[in-house]
Structures are given as structure tokens and as C-alpha cells.
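For reference, structure-v9.cif is printed below; it contains mmCIF, C-alpha atoms and all ligand atoms.
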data_run
#
loop_
_atom_site.label_atom_id
_atom_site.label_comp_id
_atom_site.auth_asym_id
_atom_site.auth_seq_id
_atom_site.Cartn_x
_atom_site.Cartn_y
_atom_site.Cartn_z
CA MET A 1 -44.80 28.77 61.79
CA ILE A 2 -46.98 29.98 59.00
CA TRP A 3 -47.56 26.63 57.29
CA GLN A 4 -48.46 24.95 60.53
CA CYS A 5 -51.12 27.40 61.65
CA ILE A 6 -52.71 28.40 58.35
CA PRO A 7 -54.12 25.09 57.14
CA ALA A 8 -56.19 24.60 60.29
CA SER A 9 -57.90 27.95 59.76
CA LEU A 10 -58.34 27.36 56.07
CA LYS A 11 -59.74 23.89 56.49
CA LYS A 12 -62.86 25.36 58.01
CA MET A 13 -63.55 27.03 54.68
CA GLY A 14 -62.76 24.26 52.21
CA THR A 15 -60.25 21.60 51.23
CA VAL A 16 -56.66 22.71 51.58
CA HIS A 17 -53.70 21.40 49.61
CA GLU A 18 -50.22 22.51 50.38
CA HIS A 19 -48.14 23.13 47.30
CA SER A 20 -44.90 21.74 48.62
CA ALA A 21 -42.76 22.64 45.63
CA PHE A 22 -42.84 26.19 46.93
CA LEU A 23 -42.59 25.30 50.58
CA SER A 24 -39.67 27.29 51.78
CA VAL A 25 -38.94 29.89 54.39
CA GLN A 26 -39.73 32.59 51.86
CA GLN A 27 -42.74 31.21 50.06
CA VAL A 28 -45.70 29.08 50.99
CA GLU A 29 -48.61 28.27 48.79
CA PHE A 30 -51.97 26.72 49.63
CA TYR A 31 -54.71 25.64 47.30
CA LEU A 32 -58.11 26.09 48.83
CA TYR A 33 -61.00 24.33 47.15
CA SER A 34 -64.23 25.76 48.44
CA PRO A 35 -67.78 26.11 47.17
CA PHE A 36 -67.62 29.61 48.61
CA VAL A 37 -64.74 30.86 46.57
CA LYS A 38 -66.15 34.33 46.21
CA PHE A 39 -66.81 34.59 49.91
CA VAL A 40 -63.40 33.24 50.81
CA PHE A 41 -61.69 35.58 48.42
CA TRP A 42 -63.28 38.64 49.91
CA GLU A 43 -63.23 37.63 53.55
CA LEU A 44 -59.71 36.30 53.97
CA PRO A 45 -57.49 39.34 53.40
CA PRO A 46 -58.18 41.15 56.70
CA PHE A 47 -57.44 37.95 58.58
CA PHE A 48 -54.17 37.23 56.82
CA SER A 49 -52.91 40.77 56.76
CA ALA A 50 -52.55 40.36 60.51
CA MET A 51 -49.38 38.35 59.90
CA PRO A 52 -46.50 40.79 59.94
CA GLY A 53 -43.71 40.24 57.47
CA TRP A 54 -45.80 38.22 55.02
CA ARG A 55 -47.48 39.28 51.85
CA VAL A 56 -50.56 37.37 50.76
CA THR A 57 -51.71 37.12 47.17
CA PHE A 58 -54.76 35.32 45.86
CA HIS A 59 -55.14 33.68 42.52
CA LYS A 60 -58.68 32.69 41.62
CA ASN A 61 -59.40 30.15 38.97
CA ARG A 62 -62.46 28.54 37.55
CA PHE A 63 -62.22 25.28 39.51
CA ALA A 64 -63.68 26.66 42.72
CA CYS A 65 -60.15 27.06 43.90
CA VAL A 66 -58.21 29.95 45.38
CA ILE A 67 -54.46 29.73 45.43
CA ILE A 68 -53.18 31.59 48.42
CA HIS A 69 -49.58 32.49 48.07
CA PHE A 70 -47.59 33.77 50.99
CA SER A 71 -44.24 35.34 50.45
CA ARG A 72 -42.04 37.11 52.88
CA VAL A 73 -41.96 40.82 52.39
CA MET A 74 -38.45 41.76 51.40
CA THR A 75 -38.16 45.26 52.66
CA GLY A 76 -36.40 47.57 50.28
CA MET A 77 -36.26 45.03 47.46
CA ILE A 78 -38.24 45.77 44.37
CA PHE A 79 -37.79 43.85 41.15
CA VAL A 80 -38.91 45.49 37.96
CA MET A 81 -40.12 43.43 35.05
CA LEU A 82 -40.66 44.89 31.60
CA ILE A 83 -43.10 43.16 29.27
CA PHE A 84 -42.53 44.37 25.72
CA MET A 85 -45.61 43.96 23.56
CA LYS A 86 -45.48 43.28 19.82
CA ASN A 87 -46.34 46.23 17.59
CA SER A 88 -49.23 44.12 16.33
CA ALA A 89 -50.64 43.60 19.86
CA SER A 90 -54.23 44.73 20.20
CA SER A 91 -55.50 46.78 23.12
CA GLY A 92 -57.37 43.63 24.17
CA ASP A 93 -54.04 41.74 24.35
CA ILE A 94 -52.62 44.45 26.59
CA SER A 95 -55.68 44.53 28.85
CA ARG A 96 -55.54 40.76 29.30
CA VAL A 97 -51.93 40.89 30.49
CA VAL A 98 -52.68 43.85 32.75
CA ALA A 99 -55.73 42.09 34.23
CA HIS A 100 -53.69 38.92 34.82
CA LEU A 101 -51.06 40.90 36.73
CA GLU A 102 -53.65 42.85 38.71
CA GLU A 103 -55.39 39.63 39.74
CA GLN A 104 -52.14 38.62 41.41
CA GLY A 105 -51.91 41.85 43.34
CA PHE A 106 -49.45 43.72 41.11
CA LYS A 107 -49.86 47.27 39.84
CA PRO A 108 -48.78 47.18 36.20
CA GLU A 109 -48.29 50.36 34.24
CA VAL A 110 -48.61 50.59 30.46
CA ILE A 111 -45.99 52.76 28.82
CA THR A 112 -46.40 53.91 25.22
CA SER A 113 -43.64 55.36 23.11
CA GLY A 114 -44.60 55.91 19.47
CA ASP A 115 -45.84 52.56 18.19
CA SER A 116 -44.20 50.56 20.97
CA ARG A 117 -46.02 49.53 24.09
CA MET A 118 -44.54 48.08 27.20
CA ILE A 119 -45.97 47.01 30.54
CA GLN A 120 -43.85 47.78 33.55
CA VAL A 121 -44.51 45.94 36.78
CA ALA A 122 -42.75 46.00 40.13
CA THR A 123 -42.66 42.62 41.91
CA ASP A 124 -41.06 41.10 44.97
CA GLY A 125 -38.93 38.91 42.75
CA ARG A 126 -41.39 36.06 42.47
CA ASP A 127 -41.69 34.34 39.10
CA ILE A 128 -44.85 35.18 37.20
CA PRO A 129 -44.98 32.08 35.05
CA SER A 130 -46.12 31.79 31.45
CA LEU A 131 -46.60 35.47 30.69
CA GLU A 132 -44.91 34.77 27.38
CA ALA A 133 -47.90 32.65 26.46
CA PHE A 134 -50.24 35.68 26.30
CA ASP A 135 -51.07 36.88 22.80
CA GLY A 136 -49.17 40.00 21.87
CA VAL A 137 -46.26 39.52 24.29
CA ASN A 138 -42.95 39.91 22.52
CA ARG A 139 -40.23 39.74 25.17
CA ILE A 140 -39.86 39.88 28.93
CA VAL A 141 -36.91 41.53 30.57
CA HIS A 142 -36.08 41.35 34.26
CA THR A 143 -34.20 44.49 35.17
CA GLU A 144 -32.94 42.97 38.40
CA PRO A 145 -31.29 39.59 38.97
CA ARG A 146 -33.61 36.71 39.83
CA PHE A 147 -31.89 35.86 43.08
CA ARG A 148 -32.91 37.76 46.20
CA LEU A 149 -31.44 36.34 49.37
CA ALA A 150 -28.01 36.01 47.79
CA SER A 151 -28.07 39.55 46.45
CA ARG A 152 -26.21 42.61 47.68
CA GLU A 153 -29.50 44.50 47.67
CA PHE A 154 -30.85 42.08 50.23
CA LYS A 155 -27.79 42.37 52.47
CA LYS A 156 -25.27 45.16 52.07
CA MET A 157 -22.62 43.85 54.47
CA ASP A 158 -20.32 40.97 53.54
CA THR A 159 -21.40 37.68 55.04
CA VAL A 160 -18.73 36.04 57.15
CA VAL A 161 -19.12 32.28 57.28
CA GLU A 162 -17.71 30.62 60.36
CA VAL A 163 -16.38 27.10 60.11
CA GLY A 164 -15.52 26.00 63.61
CA ASP A 165 -13.26 28.75 64.91
CA ARG A 166 -12.21 29.81 61.40
CA LYS A 167 -13.75 32.57 59.32
CA ILE A 168 -14.32 33.03 55.60
CA GLY A 169 -15.05 36.55 54.32
CA GLY A 170 -15.03 40.05 55.78
CA GLY A 171 -11.23 40.38 55.63
CA ASN A 172 -10.55 36.75 56.59
CA PHE A 173 -8.72 34.77 53.91
CA CYS A 174 -9.23 31.08 54.51
CA VAL A 175 -6.93 28.38 53.16
CA ILE A 176 -8.57 24.98 52.78
CA ALA A 177 -6.03 22.37 51.77
CA GLY A 178 -5.76 18.61 51.59
CA PRO A 179 -5.75 15.67 49.22
CA CYS A 180 -8.16 15.33 46.33
CA ALA A 181 -9.43 12.13 47.95
CA VAL A 182 -8.79 10.80 51.41
CA GLU A 183 -6.57 7.74 50.94
CA SER A 184 -5.10 6.52 54.23
CA ILE A 185 -4.83 7.59 57.83
CA GLU A 186 -1.05 8.01 57.49
CA ILE A 187 -1.28 10.45 54.59
CA ALA A 188 -4.17 12.34 56.16
CA HIS A 189 -2.18 12.59 59.38
CA GLU A 190 0.91 13.93 57.63
CA ILE A 191 -1.21 16.60 55.91
CA ALA A 192 -2.99 17.51 59.15
CA MET A 193 0.40 18.09 60.80
CA VAL A 194 1.47 20.42 57.98
CA LEU A 195 -1.77 22.37 58.30
CA ALA A 196 -1.22 22.73 62.04
CA ARG A 197 2.31 24.05 61.45
CA GLU A 198 0.82 26.70 59.14
CA ASN A 199 -1.80 27.52 61.77
CA LEU A 200 -4.54 26.26 59.44
CA LYS A 201 -7.41 24.02 60.39
CA LEU A 202 -9.62 23.30 57.41
CA MET A 203 -8.69 20.09 55.65
CA ARG A 204 -10.31 19.11 52.39
CA GLY A 205 -10.51 15.47 51.28
CA GLY A 206 -13.13 13.65 49.28
CA ALA A 207 -14.62 10.39 50.51
CA PHE A 208 -17.10 10.33 47.62
CA LYS A 209 -15.55 11.40 44.35
CA PRO A 210 -17.80 12.43 41.49
CA ARG A 211 -15.64 11.26 38.58
CA THR A 212 -16.33 11.79 34.90
CA SER A 213 -15.44 8.16 34.14
CA PRO A 214 -16.94 5.24 36.08
CA TYR A 215 -13.54 3.52 35.78
CA SER A 216 -11.68 6.24 37.70
CA PHE A 217 -11.12 6.01 41.45
CA GLN A 218 -14.46 6.76 43.08
CA GLY A 219 -13.19 7.49 46.59
CA LEU A 220 -13.31 5.29 49.67
CA GLY A 221 -16.98 6.13 50.32
CA TYR A 222 -18.23 5.50 53.84
CA ASN A 223 -14.83 4.02 54.83
CA GLY A 224 -13.36 7.35 53.76
CA LEU A 225 -15.79 9.18 56.02
CA GLU A 226 -14.70 7.00 58.95
CA LEU A 227 -11.12 7.82 58.16
CA LEU A 228 -11.94 11.54 58.13
CA ALA A 229 -13.75 11.19 61.46
CA GLU A 230 -10.67 9.50 62.92
CA ILE A 231 -8.27 12.16 61.71
CA ARG A 232 -10.55 14.90 63.02
CA LYS A 233 -10.60 13.24 66.42
CA LYS A 234 -6.84 12.67 66.49
CA THR A 235 -5.67 16.06 65.25
CA GLY A 236 -8.53 18.56 65.64
CA VAL A 237 -8.64 19.46 61.92
CA LEU A 238 -11.99 20.59 60.58
CA ILE A 239 -13.17 18.50 57.65
CA VAL A 240 -14.41 19.86 54.33
CA THR A 241 -15.81 17.03 52.24
CA GLU A 242 -18.33 16.48 49.50
CA ALA A 243 -21.86 15.08 49.67
CA ILE A 244 -22.63 13.76 46.21
CA ASP A 245 -26.30 12.95 46.76
CA VAL A 246 -29.20 13.46 49.14
CA GLU A 247 -28.71 9.98 50.66
CA SER A 248 -25.18 10.69 51.83
CA VAL A 249 -25.94 14.04 53.53
CA ASP A 250 -26.81 12.63 56.98
CA ARG A 251 -23.56 10.72 57.27
CA VAL A 252 -21.37 13.40 55.71
CA GLU A 253 -22.89 15.95 58.10
CA LYS A 254 -21.71 13.94 61.11
CA VAL A 255 -18.08 14.17 60.00
CA ALA A 256 -17.83 17.39 58.03
CA GLU A 257 -17.59 20.88 59.47
CA MET A 258 -18.31 22.17 55.97
CA ILE A 259 -20.09 20.27 53.20
CA GLN A 260 -18.91 20.64 49.63
CA VAL A 261 -21.21 20.60 46.60
CA GLY A 262 -19.12 19.65 43.58
CA SER A 263 -19.16 21.34 40.21
CA ARG A 264 -21.14 18.50 38.64
CA ASN A 265 -23.79 18.82 41.33
CA MET A 266 -24.30 22.58 41.33
CA GLN A 267 -27.74 22.11 39.87
CA ASN A 268 -28.68 18.97 41.77
CA PHE A 269 -31.73 20.74 43.13
CA SER A 270 -32.85 18.03 45.54
CA LEU A 271 -29.36 18.05 47.09
CA LEU A 272 -29.40 21.87 47.33
CA LYS A 273 -32.84 21.82 48.97
CA ARG A 274 -31.66 19.18 51.45
CA LEU A 275 -28.62 21.29 52.33
CA GLY A 276 -30.92 24.26 52.88
CA LYS A 277 -32.41 22.36 55.79
CA ILE A 278 -29.19 22.01 57.76
CA SER A 279 -27.08 24.65 59.44
CA LYS A 280 -23.56 23.45 58.54
CA PRO A 281 -21.70 25.76 56.12
CA ILE A 282 -21.91 24.76 52.46
CA LEU A 283 -19.11 25.17 49.95
CA LEU A 284 -20.91 25.55 46.63
CA LYS A 285 -18.70 25.07 43.59
CA ARG A 286 -19.57 26.69 40.31
CA GLY A 287 -20.71 24.27 37.63
CA MET A 288 -18.08 24.04 34.91
CA SER A 289 -20.63 25.24 32.33
CA SER A 290 -22.67 27.48 34.59
CA THR A 291 -23.13 31.20 34.44
CA ILE A 292 -22.61 33.48 37.40
CA GLU A 293 -26.37 33.96 37.66
CA GLU A 294 -26.92 30.19 37.73
CA LEU A 295 -24.37 29.85 40.53
CA LEU A 296 -26.20 32.50 42.55
CA LEU A 297 -29.56 30.88 41.87
CA ALA A 298 -28.11 27.58 43.10
CA ALA A 299 -27.00 29.40 46.27
CA GLU A 300 -30.53 30.81 46.49
CA TYR A 301 -31.89 27.27 46.78
CA ILE A 302 -29.81 26.71 49.91
CA LEU A 303 -30.50 30.16 51.38
CA SER A 304 -34.24 29.99 50.76
CA GLY A 305 -34.32 26.67 52.58
CA GLY A 306 -33.04 28.46 55.68
CA ASN A 307 -29.29 27.82 55.63
CA ASN A 308 -27.45 31.16 55.43
CA ASN A 309 -23.95 29.70 55.54
CA VAL A 310 -23.00 29.47 51.90
CA VAL A 311 -19.54 30.03 50.45
CA LEU A 312 -19.25 30.28 46.66
CA CYS A 313 -16.30 28.72 44.85
CA GLU A 314 -14.95 29.59 41.41
CA ARG A 315 -13.25 26.42 40.12
CA GLY A 316 -12.78 27.12 36.43
CA ILE A 317 -15.17 26.92 33.53
CA ARG A 318 -15.04 25.07 30.25
CA THR A 319 -13.80 27.13 27.32
CA PHE A 320 -12.31 26.41 23.89
CA ASP A 321 -8.80 26.10 25.33
CA SER A 322 -7.67 22.67 26.45
CA PHE A 323 -4.15 23.58 27.56
CA THR A 324 -5.40 24.01 31.10
CA ARG A 325 -8.02 21.65 32.57
CA ASN A 326 -10.51 24.54 32.72
CA THR A 327 -10.22 28.31 32.44
CA LEU A 328 -10.04 30.01 35.79
CA ASP A 329 -12.59 32.80 35.58
CA LEU A 330 -11.06 35.18 38.09
CA SER A 331 -13.37 37.94 36.94
CA ALA A 332 -16.13 35.90 38.58
CA VAL A 333 -14.68 36.96 41.94
CA PRO A 334 -15.33 40.71 41.67
CA ALA A 335 -18.54 39.96 39.77
CA LEU A 336 -19.87 37.74 42.56
CA LYS A 337 -18.75 40.22 45.20
CA GLU A 338 -20.60 43.01 43.44
CA LEU A 339 -23.77 40.96 43.01
CA SER A 340 -23.75 39.09 46.30
CA HIS A 341 -22.82 39.39 49.97
CA LEU A 342 -21.65 35.76 50.12
CA PRO A 343 -17.95 34.92 50.52
CA VAL A 344 -16.14 33.73 47.40
CA ILE A 345 -13.17 31.40 47.31
CA VAL A 346 -11.11 30.09 44.40
CA ASP A 347 -10.00 26.55 43.57
CA PRO A 348 -6.91 26.92 41.37
CA SER A 349 -6.28 23.14 41.41
CA HIS A 350 -9.36 22.02 39.48
CA ALA A 351 -9.37 25.27 37.51
CA THR A 352 -5.92 24.81 35.95
CA GLY A 353 -5.13 21.11 36.41
CA ARG A 354 -1.44 22.05 36.50
CA ARG A 355 0.73 21.94 39.55
CA SER A 356 3.02 24.77 38.43
CA PHE A 357 0.04 27.11 38.04
CA ILE A 358 -1.30 26.74 41.57
CA GLN A 359 1.02 29.23 43.26
CA PRO A 360 0.55 32.09 40.77
CA MET A 361 -3.21 31.59 40.57
CA SER A 362 -3.52 31.40 44.37
CA ARG A 363 -1.74 34.74 44.62
CA ALA A 364 -3.99 36.09 41.90
CA ALA A 365 -7.05 34.87 43.80
CA MET A 366 -5.98 36.78 46.88
CA ALA A 367 -5.11 39.86 44.84
CA CYS A 368 -8.47 40.00 43.08
CA GLY A 369 -10.45 39.94 46.30
CA ALA A 370 -11.24 36.27 46.97
CA ASP A 371 -11.94 35.24 50.57
CA GLY A 372 -9.88 32.11 50.37
CA ILE A 373 -8.57 29.22 48.32
CA LEU A 374 -9.29 25.51 48.14
CA ILE A 375 -6.22 23.59 47.03
CA GLU A 376 -5.03 20.03 46.69
CA ILE A 377 -1.87 19.04 48.55
CA HIS A 378 -0.28 15.63 49.15
CA PRO A 379 3.07 14.39 50.53
CA HIS A 380 3.65 12.50 47.27
CA PRO A 381 1.52 13.92 44.44
CA GLU A 382 2.99 11.39 42.02
CA HIS A 383 1.37 8.58 44.07
CA ALA A 384 -1.97 10.30 44.72
CA PHE A 385 -5.03 8.19 43.85
CA SER A 386 -6.49 11.10 41.89
CA ASP A 387 -5.53 14.54 40.55
CA GLY A 388 -1.81 14.24 41.40
CA GLY A 389 -0.94 16.43 38.39
CA GLN A 390 -2.58 19.45 39.99
CA THR A 391 -1.49 18.74 43.56
CA LEU A 392 1.22 20.65 45.44
CA ASP A 393 3.69 18.70 47.55
CA LEU A 394 4.18 19.81 51.14
CA THR A 395 7.31 21.87 50.43
CA GLU A 396 5.56 23.76 47.63
CA PHE A 397 2.62 24.32 49.96
CA LYS A 398 4.88 25.81 52.61
CA SER A 399 6.38 28.16 50.06
CA LEU A 400 2.91 29.18 48.85
CA MET A 401 1.84 29.96 52.40
CA GLY A 402 4.90 32.21 52.81
CA GLU A 403 3.90 34.13 49.68
CA LEU A 404 0.28 34.44 50.76
CA HIS A 405 1.27 35.82 54.15
CA GLU A 406 3.38 38.51 52.46
CA LEU A 407 0.56 39.47 50.12
CA ALA A 408 -1.97 39.40 52.94
CA LYS A 409 -0.04 42.19 54.67
CA ILE A 410 -0.53 44.45 51.66
CA MET A 411 -4.15 43.37 51.22
CA LYS A 412 -4.86 43.79 54.95
CA LEU A 413 -6.21 40.28 55.21
CA LYS A 414 -6.08 37.82 58.04
CA VAL A 415 -5.03 34.36 56.80
CA ASN A 416 -6.70 31.53 58.73
C1 LIG B 1 -13.14 18.47 44.34
O1 LIG B 1 -12.89 19.60 44.78
O2 LIG B 1 -12.89 17.46 44.99
C2 LIG B 1 -13.75 18.32 43.02
C3 LIG B 1 -14.14 17.14 42.57
O3 LIG B 1 -13.85 19.46 42.33
P1 LIG B 1 -14.95 19.90 41.25
O4 LIG B 1 -16.30 19.49 41.78
O5 LIG B 1 -14.76 21.39 41.17
O6 LIG B 1 -14.60 19.22 39.97
MN MN B 2 -9.52 16.65 42.76
#

How does this structure look as C-alpha cells?
Amino acid sequence: MIWQCIPASLKKMGTVHEHSAFLSVQQVEFYLYSPFVKFVFWELPPFFSAMPGWRVTFHKNRFACVIIHFSRVMTGMIFVMLIFMKNSASSGDISRVVAHLEEQGFKPEVITSGDSRMIQVATDGRDIPSLEAFDGVNRIVHTEPRFRLASREFKKMDTVVEVGDRKIGGGNFCVIAGPCAVESIEIAHEIAMVLARENLKLMRGGAFKPRTSPYSFQGLGYNGLELLAEIRKKTGVLIVTEAIDVESVDRVEKVAEMIQVGSRNMQNFSLLKRLGKISKPILLKRGMSSTIEELLLAAEYILSGGNNNVVLCERGIRTFDSFTRNTLDLSAVPALKELSHLPVIVDPSHATGRRSFIQPMSRAAMACGADGILIEIHPHPEHAFSDGGQTLDLTEFKSLMGELHELAKIMKLKVN
């Protein structure tokens, strides 16, 4: 791999430091400190251009250091950035920005219209930090979204994520159901039997519960994971459960067929990076106060780490209305589908917090193009350890499944 072979060659020419914050499948950066900076700068390009699929850019600075930045060439993807200059900007201000961009290998173009000047530059989507700090810069506008791997431009076809023998996306509507938290083997078993009767296999159930209050039930933790492992072994259900921190990932991975990232953790970047390093599918829930772009950038963390199996989940956002627990933003479904190739599912349970709303909003999710739902069910919602008020009982669940099958015929979807 690139980062294994490059340092050895570079070391001959100076001291090499790997900039690990950027170390991902898509971007690698090395700092080369060498007394022969000029020489290195001019001699390296022919050598590195021999690596197909990678673009190399050099950044010189005054500390006898060359920053060598590798990024994968994204064929067909060009990101345009517009740098609007202040009317008071001098021609020197403009030349300094242009020179800075050219030093990094870009080909900026200055556009003048009356008194206004603007610099247009096509990039591969990489951040060009601190441009705002240049004198004369007024505003920077990215004409394309900042996510790449998650974008429709990067991949036109819908991604279908496979969880065991079940599929999410590409005409496959997946129902993931189970208790809010796993409570006992008996209850888990009863739910697993109901899923089997409905020809479903994906069972949700939290072992670690990220609760707003430290006094609320926190889940059974590692005992809960053991319980999930037991029910998987006994019944063949596939487990969808949450990893709340980096430390728990190893053990959750052993039990789960799909790992959930909860709303409160959508921007836990170390967790996202860790999940980028595994191959199990990830169910990424939208942060309750996060924008659609932030959700896709969170997905980008996982994708750029190398894990392509990401399913997005709309679970309601915080608005001024407190009648429902959150406001289910169903328009996020077509929005995400337009912007991204990743499958999108809907969680009407956490979105509404109301049991009587789950059936209509599940139907709505299917109707608006979602690739599945994640819902809470329990044999006795009134005795559930958490979230009973938004949990369907098993009879209600059966009735919902009947409705979804009817709608699926019209929508030409395969429920699984
Ligand atoms: C859950 O699905 O178990 C959960 C806690 O949901 P959220 O992270 O969306 O609040
Ligand atoms: Mn819950």
C-alpha cells in the first residue's frame, strides 16, 4: 500500500513524518524535512506520477520541509470553489491567493465582473484550509457538497447493503425490529419467534443505551451482548446493536451483524474512524440536531476509512414542537437519495415517541422511498425497561407488517 512503500523511498532524501490525521484510504500526507528541499521538490514528481490512481501535490514551506499529499484521483468528480474577493481587495491580495492555490497544484482563474472579482478553482474536493485568512477574501462558496464517497456523483447506482442474507436498498425494504434494550432471554426469544413468523431476520436491541439522564436504564452492557449472542445462536436472528464508544467496538462486532451508531454519537469522530476500519455494515443514525450535510459527512468518515457498508437512518430532529418526541423529517429521505447512493431507512419510534404514530409513519416511510424501517417492538410495552411509550406490541406489529406488504406490492418493493 502507498503508505507502506513511500516512506522508505522518502527516507533516503530526508526525515519523514507521517501526518496520521489524514491517513485514510483516500488521502495520505507525508512531511519530508530535507536540506535539499529544492532538489526534492523538483526531482520527486516523475517518480511519484508512476503510481496510477493517485494524485500528488507538494506544499513547500520555509522550514526546509515539503508536505507531500497523496489523494486518490476521483475520476469524473470535480469540485468547484468560488472565492469572492472584497471590492477593496488589491491586485496584490488577489495574486497572493492565486499563488497560494497554484503552489498546491490548482489552476485558479480570476473572474472580473464590474467592480467584483472572484477566483474560481476546480479541486478534487480536498479542503484548502485557511483561505479566509488571506487579506481581501470576502466569502468562500463550495458549489458542490463536501462529501465525495457518499455522493451520487461518485456512484450513480444505489448501494445495496447486505446484512447476512438480507438486503437494504435497491428495491429491498428491510424491517429491523426489536426491543429498545435487550432485557431477558425470554423476551428476546419471543420477539425472535415473531420475526421468524414474518420472515424477518434483523433484530434490534441495545445492550449499551446512550441515555440523556445518567439515572435512566443504561442497558445490560456486556451481559446484554452475551444475551444477544445466545439468542442469535438459538434462533438464527441477525443482531443490530449499538456501539457507544471505541472501546466497545471489538466486543459488539463479535455479536452484531450490523453495528448501530446512535443519534448522540453521529459526530463521535473517533468512533466513526474506528468503524471505517471494519467491514460489518454500519447503521448511522442522524444526529437530532444535525443537518443532512453533516449526516453525509459523518458517513464519509466511515467510507473514507474503507468500510463501504453504510446505511443512513432518519430518526427525527429537534424542532420547536414538543408534542412528538422529535419531528420526523421525511423529506430527508428523498433529499439523501438525491445526494447519495447510500440506503436510507427511517426510525419512526424515536422520531415520534408515540406508539399510535408508528404505523402511519412506517407506511409514510415506505411511500416516500425509504429502504427500510427500524422500529421498537415488545411483547409488553408497558413493562419495557425503556421507551415503552413508543413501542408496538406484537399484535400491532403483525398488523403493521400486513399493511407494509400491501403497500410494497404497489411500490414494487421486496420486504425482507
Ligand atoms: C436506539 O435506536 O436505540 C436509540 C437510542 O436511538 P437514537 O440514537 O436515535 O436516539
Ligand atoms: Mn429506544

Seminar exercise, completed: note - CA of Val137 in chain A and CA of Glu294 in chain A are separated by 25.3 Å

With a cut-off of 12 Å, could you pull out the residues of chain A touching ligand MN 2 (chain B) and give me the nearest pair of atoms for each, distance in Å to one decimal, using only C-alpha atoms and all ligand atoms, ordered by chain and ascending number, as a tab-separated table?
residue	atom	partner	partner_atom	distance
A:Ala177	CA	B:MN2	MN	11.2
A:Gly178	CA	B:MN2	MN	9.8
A:Pro179	CA	B:MN2	MN	7.5
A:Cys180	CA	B:MN2	MN	4.0
A:Ala181	CA	B:MN2	MN	6.9
A:Val182	CA	B:MN2	MN	10.5
A:Arg204	CA	B:MN2	MN	10.0
A:Gly205	CA	B:MN2	MN	8.7
A:Gly206	CA	B:MN2	MN	8.0
A:Ala207	CA	B:MN2	MN	11.2
A:Phe208	CA	B:MN2	MN	11.0
A:Lys209	CA	B:MN2	MN	8.2
A:Pro210	CA	B:MN2	MN	9.4
A:Arg211	CA	B:MN2	MN	9.2
A:Thr212	CA	B:MN2	MN	11.5
A:Ser216	CA	B:MN2	MN	11.8
A:Phe217	CA	B:MN2	MN	10.8
A:Gln218	CA	B:MN2	MN	11.1
A:Gly219	CA	B:MN2	MN	10.6
A:Thr241	CA	B:MN2	MN	11.4
A:Glu242	CA	B:MN2	MN	11.1
A:Gly262	CA	B:MN2	MN	10.1
A:Ser263	CA	B:MN2	MN	11.0
A:Arg315	CA	B:MN2	MN	10.8
A:Arg325	CA	B:MN2	MN	11.4
A:Asp347	CA	B:MN2	MN	9.9
A:Pro348	CA	B:MN2	MN	10.7
A:Ser349	CA	B:MN2	MN	7.4
A:His350	CA	B:MN2	MN	6.3
A:Ala351	CA	B:MN2	MN	10.1
A:Thr352	CA	B:MN2	MN	11.2
A:Gly353	CA	B:MN2	MN	8.9
A:Arg354	CA	B:MN2	MN	11.6
A:Arg355	CA	B:MN2	MN	12.0
A:Leu374	CA	B:MN2	MN	10.4
A:Ile375	CA	B:MN2	MN	8.8
A:Glu376	CA	B:MN2	MN	6.9
A:Ile377	CA	B:MN2	MN	9.9
A:His378	CA	B:MN2	MN	11.3
A:Pro381	CA	B:MN2	MN	11.5
A:Ala384	CA	B:MN2	MN	10.1
A:Phe385	CA	B:MN2	MN	9.6
A:Ser386	CA	B:MN2	MN	6.4
A:Asp387	CA	B:MN2	MN	5.0
A:Gly388	CA	B:MN2	MN	8.2
A:Gly389	CA	B:MN2	MN	9.6
A:Gln390	CA	B:MN2	MN	8.0
A:Thr391	CA	B:MN2	MN	8.3
A:Leu392	CA	B:MN2	MN	11.8

For this session: Around the point (-10.5, 39.3, 44.6), in the coordinates given by the file, pick out the residues reaching within 12 Å, counting all atoms listed in the file, and return them as number ranges by chain.
Result: A: 169, 171, 173, 314, 329-338, 343-346, 361-373, 408, 411, 413

For this session: Work out how far apart CA of Val160 in chain A and CA of Thr235 in chain A are and give it in Å to one decimal.
Result: 25.2 Å

For this session: For CA of Met401 in chain A and atom O5 of ligand LIG 1 (chain B), quote the distance in Å rounded to one decimal.
Result: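 These atoms are spaced 21.8 Å apart.
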
For this session: Determine the nearest neighbour of Leu275 in chain A from the options A:Leu296, A:Met193, A:Val246, A:Ile410, counting all atoms listed in the file.
Result: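 Result for the nearest residue to Leu275 in chain A: A:Val246.
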
Spatial neighbours of Asp250 in chain A, max dist 12 Å, all atoms listed in the file, sep filter under 4 positions, as a CSV table (one decimal) with C-alpha atoms, keeping the file's coordinate frame:
chain,number,residue,atom,x,y,z
A,222,TYR,CA,-18.2,5.5,53.8
A,225,LEU,CA,-15.8,9.2,56.0
A,242,GLU,CA,-18.3,16.5,49.5
A,243,ALA,CA,-21.9,15.1,49.7
A,244,ILE,CA,-22.6,13.8,46.2
A,245,ASP,CA,-26.3,13.0,46.8
A,246,VAL,CA,-29.2,13.5,49.1
A,254,LYS,CA,-21.7,13.9,61.1
A,255,VAL,CA,-18.1,14.2,60.0
A,256,ALA,CA,-17.8,17.4,58.0
A,259,ILE,CA,-20.1,20.3,53.2
A,271,LEU,CA,-29.4,18.0,47.1
A,274,ARG,CA,-31.7,19.2,51.4
A,275,LEU,CA,-28.6,21.3,52.3
A,277,LYS,CA,-32.4,22.4,55.8
A,278,ILE,CA,-29.2,22.0,57.8
A,280,LYS,CA,-23.6,23.4,58.5

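With distances taken over all atoms listed in the file, A:Gly287 is the one residue among A:Gly287, A:Gly170, A:Pro108, A:Gly402 lying closest to ligand LIG 1 (chain B).
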